[in-house]
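Below is the file entry-v2.txt, which contains compact mmCIF, C-alpha atoms.
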```txt
# COMPACT_ATOMS: atom_id res chain seq x y z
CA MET A 1 72.00 168.18 99.87
CA HIS A 2 75.00 167.75 97.60
CA THR A 3 74.15 171.07 95.91
CA HIS A 4 74.14 172.87 99.29
CA LEU A 5 77.49 171.30 100.23
CA ILE A 6 79.11 172.36 96.98
CA SER A 7 77.81 175.90 97.45
CA LEU A 8 79.26 176.03 100.98
CA ARG A 9 82.64 174.90 99.82
CA LEU A 10 82.71 177.44 96.99
CA CYS A 11 81.92 180.24 99.40
CA GLY A 12 84.97 179.32 101.49
CA PHE A 13 83.26 178.43 104.77
CA ALA A 14 85.33 176.73 107.44
CA PRO A 15 84.84 172.95 107.75
CA TRP A 16 83.00 173.21 111.10
CA ARG A 17 80.63 175.79 109.61
CA GLN A 18 80.11 173.58 106.55
CA SER A 19 79.06 170.75 108.88
CA LEU A 20 76.69 173.04 110.75
CA TYR A 21 74.94 174.23 107.62
CA LEU A 22 74.89 170.70 106.21
CA CYS A 23 73.08 169.38 109.32
CA ALA A 24 70.54 172.16 109.04
CA ALA A 25 69.94 171.26 105.39
CA VAL A 26 69.39 167.60 106.30
CA VAL A 27 66.82 168.53 108.95
CA CYS A 28 64.95 170.74 106.49
CA PHE A 29 65.08 168.01 103.85
CA SER A 30 63.72 165.39 106.29
CA GLN A 31 60.91 167.71 107.35
CA ALA A 32 60.01 168.26 103.71
CA CYS A 33 59.93 164.51 103.14
CA GLY A 34 57.93 163.94 106.33
CA ALA A 35 55.27 166.30 105.09
CA GLN A 36 54.65 163.88 102.23
CA GLU A 37 54.40 160.80 104.45
CA ILE A 38 51.74 159.74 106.94
CA LYS A 39 52.60 157.22 109.62
CA ILE A 40 49.98 155.11 111.40
CA ALA A 41 51.22 153.20 114.41
CA GLY A 42 49.66 150.04 115.85
CA VAL A 43 48.12 148.77 112.60
CA LEU A 44 46.94 145.15 112.54
CA VAL A 45 47.69 142.58 109.84
CA LYS A 46 44.63 140.55 108.83
CA LEU A 47 43.64 137.87 106.35
CA ILE A 48 41.96 138.85 103.10
CA ASP A 49 40.72 135.39 102.13
CA GLN A 50 39.96 132.48 104.42
CA LEU A 51 37.59 129.60 103.88
CA ASP A 52 36.25 126.59 105.74
CA VAL A 53 35.94 124.27 102.75
CA PRO A 54 32.54 122.51 102.96
CA ALA A 55 31.34 119.18 101.66
CA ARG A 56 28.85 119.54 98.81
CA GLU A 57 27.73 115.90 98.69
CA GLN A 58 27.32 113.17 101.26
CA GLY A 59 29.54 110.16 101.36
CA THR A 60 32.82 108.73 102.59
CA ILE A 61 36.05 110.66 102.13
CA ALA A 62 37.97 108.53 99.64
CA GLN A 63 41.05 110.74 99.23
CA LEU A 64 42.74 113.34 101.40
CA ALA A 65 45.35 115.15 99.29
CA VAL A 66 46.60 117.68 101.86
CA GLN A 67 47.49 118.07 105.50
CA GLU A 68 48.12 120.93 107.93
CA GLY A 69 50.79 123.18 106.48
CA SER A 70 50.29 122.13 102.86
CA ARG A 71 50.70 124.98 100.37
CA VAL A 72 48.26 124.75 97.51
CA LYS A 73 47.62 126.61 94.28
CA ALA A 74 44.23 127.63 92.95
CA ASP A 75 42.21 124.63 91.66
CA ASP A 76 44.46 122.08 93.38
CA LEU A 77 42.63 118.98 94.65
CA LEU A 78 42.15 119.05 98.42
CA MET A 79 39.82 116.17 99.16
CA ARG A 80 37.57 113.74 97.27
CA ILE A 81 34.37 112.10 98.46
CA ASP A 82 33.55 108.65 97.05
CA ASP A 83 32.18 109.38 93.56
CA THR A 84 31.81 105.88 92.07
CA GLU A 85 28.12 106.21 91.22
CA ALA A 86 28.56 109.74 89.90
CA ARG A 87 31.36 108.57 87.57
CA TYR A 88 29.19 105.73 86.24
CA ALA A 89 26.43 108.23 85.49
CA GLU A 90 28.94 110.50 83.77
CA ASP A 91 30.32 107.66 81.63
CA ARG A 92 26.80 106.66 80.58
CA ALA A 93 25.95 110.24 79.67
CA ARG A 94 29.15 110.47 77.63
CA VAL A 95 28.26 107.33 75.61
CA GLU A 96 24.71 108.57 75.03
CA MET A 97 26.13 111.88 73.88
CA ALA A 98 28.37 110.10 71.36
CA VAL A 99 25.42 108.07 70.00
CA ALA A 100 23.27 111.19 69.68
CA ALA A 101 26.08 113.04 67.90
CA GLN A 102 26.44 110.27 65.32
CA GLN A 103 22.70 110.18 64.71
CA ALA A 104 22.60 113.95 64.25
CA ALA A 105 25.50 113.83 61.79
CA SER A 106 24.06 110.97 59.70
CA ASP A 107 22.13 111.94 56.53
CA VAL A 108 21.56 108.39 55.25
CA ALA A 109 17.79 108.43 55.73
CA GLU A 110 17.50 111.84 54.09
CA ARG A 111 19.55 110.80 51.05
CA LEU A 112 17.53 107.56 50.69
CA ALA A 113 14.26 109.49 50.78
CA GLU A 114 15.55 111.93 48.16
CA ARG A 115 16.65 109.04 45.93
CA THR A 116 13.25 107.39 46.32
CA LEU A 117 11.56 110.66 45.39
CA ALA A 118 13.73 111.03 42.28
CA THR A 119 12.80 107.49 41.17
CA ALA A 120 9.09 108.06 41.77
CA GLU A 121 9.16 111.35 39.88
CA GLY A 122 10.99 109.65 37.00
CA GLU A 123 8.36 106.94 36.73
CA LEU A 124 5.57 109.52 36.80
CA ARG A 125 7.30 111.59 34.12
CA ARG A 126 7.66 108.53 31.84
CA ALA A 127 4.01 107.70 32.40
CA ASP A 128 3.06 111.24 31.32
CA GLU A 129 5.19 110.88 28.15
CA ALA A 130 3.60 107.52 27.36
CA ARG A 131 0.06 108.87 27.86
CA ALA A 132 0.89 111.77 25.57
CA LYS A 133 1.64 109.30 22.79
CA LEU A 134 -1.08 106.80 23.55
CA ARG A 135 -3.83 107.78 25.96
CA ASN A 136 -4.83 104.34 27.16
CA ILE A 137 -1.36 102.81 27.54
CA VAL A 138 -1.38 103.75 31.28
CA THR A 139 -4.64 103.26 33.07
CA GLU A 140 -6.00 105.84 35.48
CA ALA A 141 -5.51 103.48 38.41
CA GLU A 142 -1.85 102.95 37.56
CA TYR A 143 -1.33 106.66 37.03
CA GLU A 144 -2.85 107.49 40.42
CA LYS A 145 -0.56 104.95 42.07
CA LEU A 146 2.43 106.67 40.47
CA ARG A 147 1.28 110.08 41.71
CA LEU A 148 0.72 108.62 45.16
CA ALA A 149 4.26 107.21 45.16
CA VAL A 150 5.64 110.67 44.34
CA ASP A 151 3.63 112.27 47.15
CA GLN A 152 4.75 109.59 49.59
CA ALA A 153 8.38 110.09 48.55
CA LYS A 154 8.09 113.86 49.14
CA LEU A 155 6.65 113.25 52.60
CA ALA A 156 9.45 110.77 53.29
CA VAL A 157 12.01 113.46 52.46
CA GLU A 158 10.30 115.89 54.83
CA LYS A 159 10.16 113.19 57.51
CA ALA A 160 13.88 112.45 57.12
CA GLN A 161 14.72 116.15 57.41
CA GLN A 162 12.53 116.45 60.49
CA ASP A 163 14.12 113.39 62.08
CA ARG A 164 17.55 114.86 61.50
CA SER A 165 16.52 118.11 63.16
CA VAL A 166 15.16 116.17 66.13
CA ALA A 167 18.42 114.20 66.28
CA ALA A 168 20.33 117.48 66.52
CA LEU A 169 18.10 118.53 69.43
CA GLN A 170 18.66 115.14 71.06
CA ARG A 171 22.40 115.68 70.69
CA ASP A 172 22.13 119.07 72.40
CA LEU A 173 20.03 117.51 75.16
CA LYS A 174 22.59 114.76 75.73
CA LYS A 175 25.31 117.39 75.84
CA VAL A 176 23.48 119.16 78.65
CA GLU A 177 22.98 115.86 80.48
CA LEU A 178 26.70 115.11 80.14
CA GLU A 179 27.63 118.50 81.54
CA PHE A 180 25.23 117.97 84.43
CA ALA A 181 26.69 114.52 85.15
CA ALA A 182 30.22 115.94 85.05
CA ARG A 183 29.17 118.68 87.44
CA GLN A 184 27.73 116.10 89.81
CA THR A 185 31.05 114.26 89.74
CA ALA A 186 32.93 117.50 90.41
CA ARG A 187 30.73 118.18 93.44
CA HIS A 188 32.38 115.18 95.09
CA GLN A 189 35.75 116.96 94.93
CA ALA A 190 36.98 119.87 97.03
CA THR A 191 39.43 122.13 95.20
CA ALA A 192 41.25 125.25 96.34
CA PRO A 193 39.46 128.45 95.22
CA PHE A 194 42.67 130.42 95.77
CA ALA A 195 46.33 129.81 96.54
CA GLY A 196 47.05 129.44 100.23
CA VAL A 197 47.97 127.25 103.16
CA ILE A 198 45.94 124.52 104.86
CA VAL A 199 45.84 125.39 108.56
CA GLN A 200 43.30 122.87 109.81
CA VAL A 201 41.90 119.51 108.69
CA HIS A 202 38.49 118.73 110.22
CA LYS A 203 37.84 115.41 108.46
CA ARG A 204 40.08 112.48 107.67
CA GLN A 205 40.08 109.76 105.03
CA GLY A 206 37.25 107.30 105.68
CA ASP A 207 35.08 109.79 107.58
CA TRP A 208 31.45 110.22 106.57
CA VAL A 209 30.38 113.75 105.65
CA GLU A 210 27.09 115.46 104.94
CA PRO A 211 26.57 118.49 102.68
CA GLY A 212 27.73 121.60 104.53
CA ASP A 213 30.15 119.81 106.87
CA LYS A 214 33.46 121.68 107.31
CA MET A 215 36.34 119.59 105.97
CA LEU A 216 39.34 121.95 105.75
CA ARG A 217 40.36 125.49 106.61
CA LEU A 218 42.33 127.35 103.95
CA ILE A 219 43.89 130.79 104.33
CA ARG A 220 45.56 133.05 101.80
CA LEU A 221 48.99 134.40 102.76
CA ASP A 222 50.51 135.80 99.55
CA ARG A 223 48.50 138.99 100.04
CA LEU A 224 47.36 140.33 103.41
CA ARG A 225 45.30 143.26 104.63
CA VAL A 226 46.44 145.90 107.09
CA GLU A 227 43.87 147.82 109.14
CA GLY A 228 44.58 151.04 110.95
CA PHE A 229 42.98 154.27 112.09
CA LEU A 230 43.99 157.70 110.83
CA ASP A 231 43.18 161.14 112.12
CA ALA A 232 40.21 162.55 110.22
CA ALA A 233 42.14 165.72 109.32
CA GLN A 234 44.61 163.62 107.32
CA ALA A 235 42.17 161.08 105.91
CA LYS A 236 41.36 161.97 102.33
CA SER A 237 39.87 159.73 99.66
CA SER A 238 42.72 160.84 97.39
CA LEU A 239 45.04 158.67 99.51
CA GLU A 240 43.50 155.53 98.01
CA GLY A 241 45.91 153.84 95.63
CA ARG A 242 49.03 155.38 97.16
CA PRO A 243 52.00 153.11 97.95
CA VAL A 244 52.52 152.09 101.55
CA ALA A 245 55.24 150.43 103.60
CA LEU A 246 54.61 148.30 106.67
CA THR A 247 57.29 148.06 109.36
CA LEU A 248 56.78 145.38 112.00
CA ASP A 249 56.99 146.05 115.72
CA ALA A 250 58.25 142.54 116.48
CA PRO A 251 61.65 142.52 118.23
CA ALA A 252 62.67 139.46 116.22
CA SER A 253 62.40 141.37 112.94
CA PRO A 254 63.09 145.06 113.61
CA GLY A 255 62.92 147.26 110.57
CA THR A 256 61.47 144.53 108.35
CA ALA A 257 59.37 146.33 105.75
CA PHE A 258 56.67 145.10 103.39
CA THR A 259 55.22 147.10 100.52
CA GLY A 260 51.71 147.46 99.16
CA LYS A 261 49.08 150.08 98.49
CA LEU A 262 46.24 151.79 100.29
CA ILE A 263 42.91 150.47 99.04
CA PHE A 264 40.27 152.06 101.26
CA VAL A 265 39.68 155.20 103.30
CA SER A 266 36.40 155.03 105.15
CA PRO A 267 34.03 157.95 104.63
CA GLU A 268 32.86 157.59 108.27
CA ILE A 269 34.48 159.50 111.14
CA ASP A 270 34.35 158.09 114.65
CA PRO A 271 32.57 160.80 116.69
CA ILE A 272 34.55 159.93 119.84
CA ASN A 273 38.18 159.89 118.71
CA ARG A 274 37.77 161.64 115.33
CA GLN A 275 39.54 158.83 113.51
CA VAL A 276 38.88 157.12 110.17
CA ARG A 277 39.41 153.45 109.34
CA VAL A 278 41.87 152.75 106.51
CA LEU A 279 42.82 149.51 104.78
CA ALA A 280 45.92 148.56 102.81
CA GLU A 281 46.90 145.42 100.94
CA ILE A 282 50.44 144.11 101.42
CA GLU A 283 52.22 141.73 99.07
CA ASN A 284 53.62 138.71 100.92
CA PRO A 285 55.08 136.33 98.31
CA THR A 286 57.43 134.59 100.75
CA PHE A 287 54.81 134.26 103.52
CA ALA A 288 57.18 136.11 105.87
CA LEU A 289 54.40 138.39 107.11
CA GLN A 290 51.98 136.71 109.50
CA PRO A 291 48.35 137.59 110.21
CA GLY A 292 47.95 139.06 113.67
CA SER A 293 51.20 141.01 113.51
CA ARG A 294 51.29 144.68 114.40
CA GLY A 295 53.42 147.46 113.03
CA THR A 296 53.60 150.94 111.62
CA LEU A 297 52.12 151.79 108.24
CA THR A 298 53.71 154.58 106.23
CA ILE A 299 51.60 156.13 103.47
CA ARG A 300 53.87 157.72 100.90
```
Would you encode the structure as structure tokens?
Amino acid sequence: MHTHLISLRLCGFAPWRQSLYLCAAVVCFSQACGAQEIKIAGVLVKLIDQLDVPAREQGTIAQLAVQEGSRVKADDLLMRIDDTEARYAEDRARVEMAVAAQQAASDVAERLAERTLATAEGELRRADEARAKLRNIVTEAEYEKLRLAVDQAKLAVEKAQQDRSVAALQRDLKKVELEFAARQTARHQATAPFAGVIVQVHKRQGDWVEPGDKMLRLIRLDRLRVEGFLDAAQAKSSLEGRPVALTLDAPASPGTAFTGKLIFVSPEIDPINRQVRVLAEIENPTFALQPGSRGTLTIR
């Protein structure tokens, strides 16, 4: 537009004619921009994530960490069911794991067996040297006992090595049991799977719950979904990923705009109105946009 204005001035047009041509240029420019934008009126703002947090174990609610309106982050504690017995089982599994780990790391029995074998082999070797000098100095019965002691010492070494391998397997088994016990303890806690707002509390501290009972309702507000319907002639899959702007229809917030991107253009066309369903995701970091709102979506 500035280029057109400069050209008009250089050509010496009168001011009223400059204004006339400038208005015409603005109209043409707006039409050119409009050709690159698609507006969908009456779109609806919806939730992406919502969850009725269930109980996974039975028991009494021992701790309620939130209330209606509480904002939580992912993995924040929401509620805890009495887990006294589960914690005892976890502590026991942890101690058993420590014992098994020490047994697996210990090589005392193996070193003792190897030392015993070295002693037995030394005695047998000296007996062989003595018999080489004087045949009858070591009787056959004594010699067989020495050979038996060597064989027993070798088997003791093998047994010690086998016991150590079994101890390592016992350690791994206790590790699995500890992880299982810790998981059982965690099942008594309800944590937030995503960041959001608590909008309803079904159970209170001291209430008894059974597995599957609804305890809390959590909704995500930092990102919302917008649903609208677009004429099939304009609906192209290439629109997916394009930036969008949502303007609310609410009188209290005229012109308020939220940005996001188009994530889905349905491949199905409604045979009655020839429209296609489209979805966009809108960033809502301040929670200013509310589910259920309506507005106009502009696809840029």
Exercise for review: Point out the residue among A:Gly196, A:Leu77, A:Gly212, A:Glu123 with the least atom-to-atom distance to Leu148 of chain A, counting all atoms listed in the file.
Suggested key: A:Glu123
Exercise for review: Check the smallest atom-to-atom distance from each of A:Val244, A:Leu230, A:Ala195, A:Leu155 to Glu37 of chain A using only C-alpha atoms, then report the winner.
Suggested key: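 Ranking A:Val244, A:Leu230, A:Ala195, A:Leu155 by distance to Glu37 of chain A, first place goes to A:Val244.
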Check your understanding: From the list A:Asp207, A:Asp52, A:Asp128, A:Glu114, which residue is nearest Glu140 of chain A when using all atoms listed in the file?
Key ->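 Of A:Asp207, A:Asp52, A:Asp128, A:Glu114, the one nearest Glu140 of chain A, counting all atoms listed in the file, is A:Asp128.
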Review point. What is the distance, in Å and to one decimal place, between atom CA of Ala280 of chain A and atom CA of Gln200 of chain A?
Key: 26.8 Å
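Residues in contact with Gly241 of chain A at up to 12 Å, not including ones fewer than 6 positions away on its chain and judged by all atoms listed in the file, are A:Gly260, A:Lys261, A:Leu262, A:Ile263, A:Phe264, A:Val265, A:Val278, A:Leu279, A:Ala280, A:Glu281, A:Ile299, A:Arg300.
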Exercise for review: Could you please determine the separation between atom CA of Arg87 of chain A and atom CA of Arg56 of chain A in Å, to one decimal place?
Suggested key: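 Going from atom CA of Arg87 of chain A over to atom CA of Arg56 of chain A covers 15.9 Å.
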Point to revise | Contacts of Lys159 of chain A at 12 Å (all atoms listed in the file; same-chain gap of 2+ positions) as number ranges by chain | key: A: 109-114, 152-157, 161-166
Review point. What is the atom CA of Ala288 of chain A-atom CA of Leu78 of chain A distance in Å, reported with one decimal?
Key: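 Result for atom CA of Ala288 of chain A versus atom CA of Leu78 of chain A: 23.9 Å, one decimal.
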Point to revise | From A:Arg71, A:Arg223, A:Lys236, A:Lys174, residue lying nearest Ile198 of chain A [all atoms listed in the file] | key: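 Of A:Arg71, A:Arg223, A:Lys236, A:Lys174, the one nearest Ile198 of chain A is A:Arg71, counting all atoms listed in the file.
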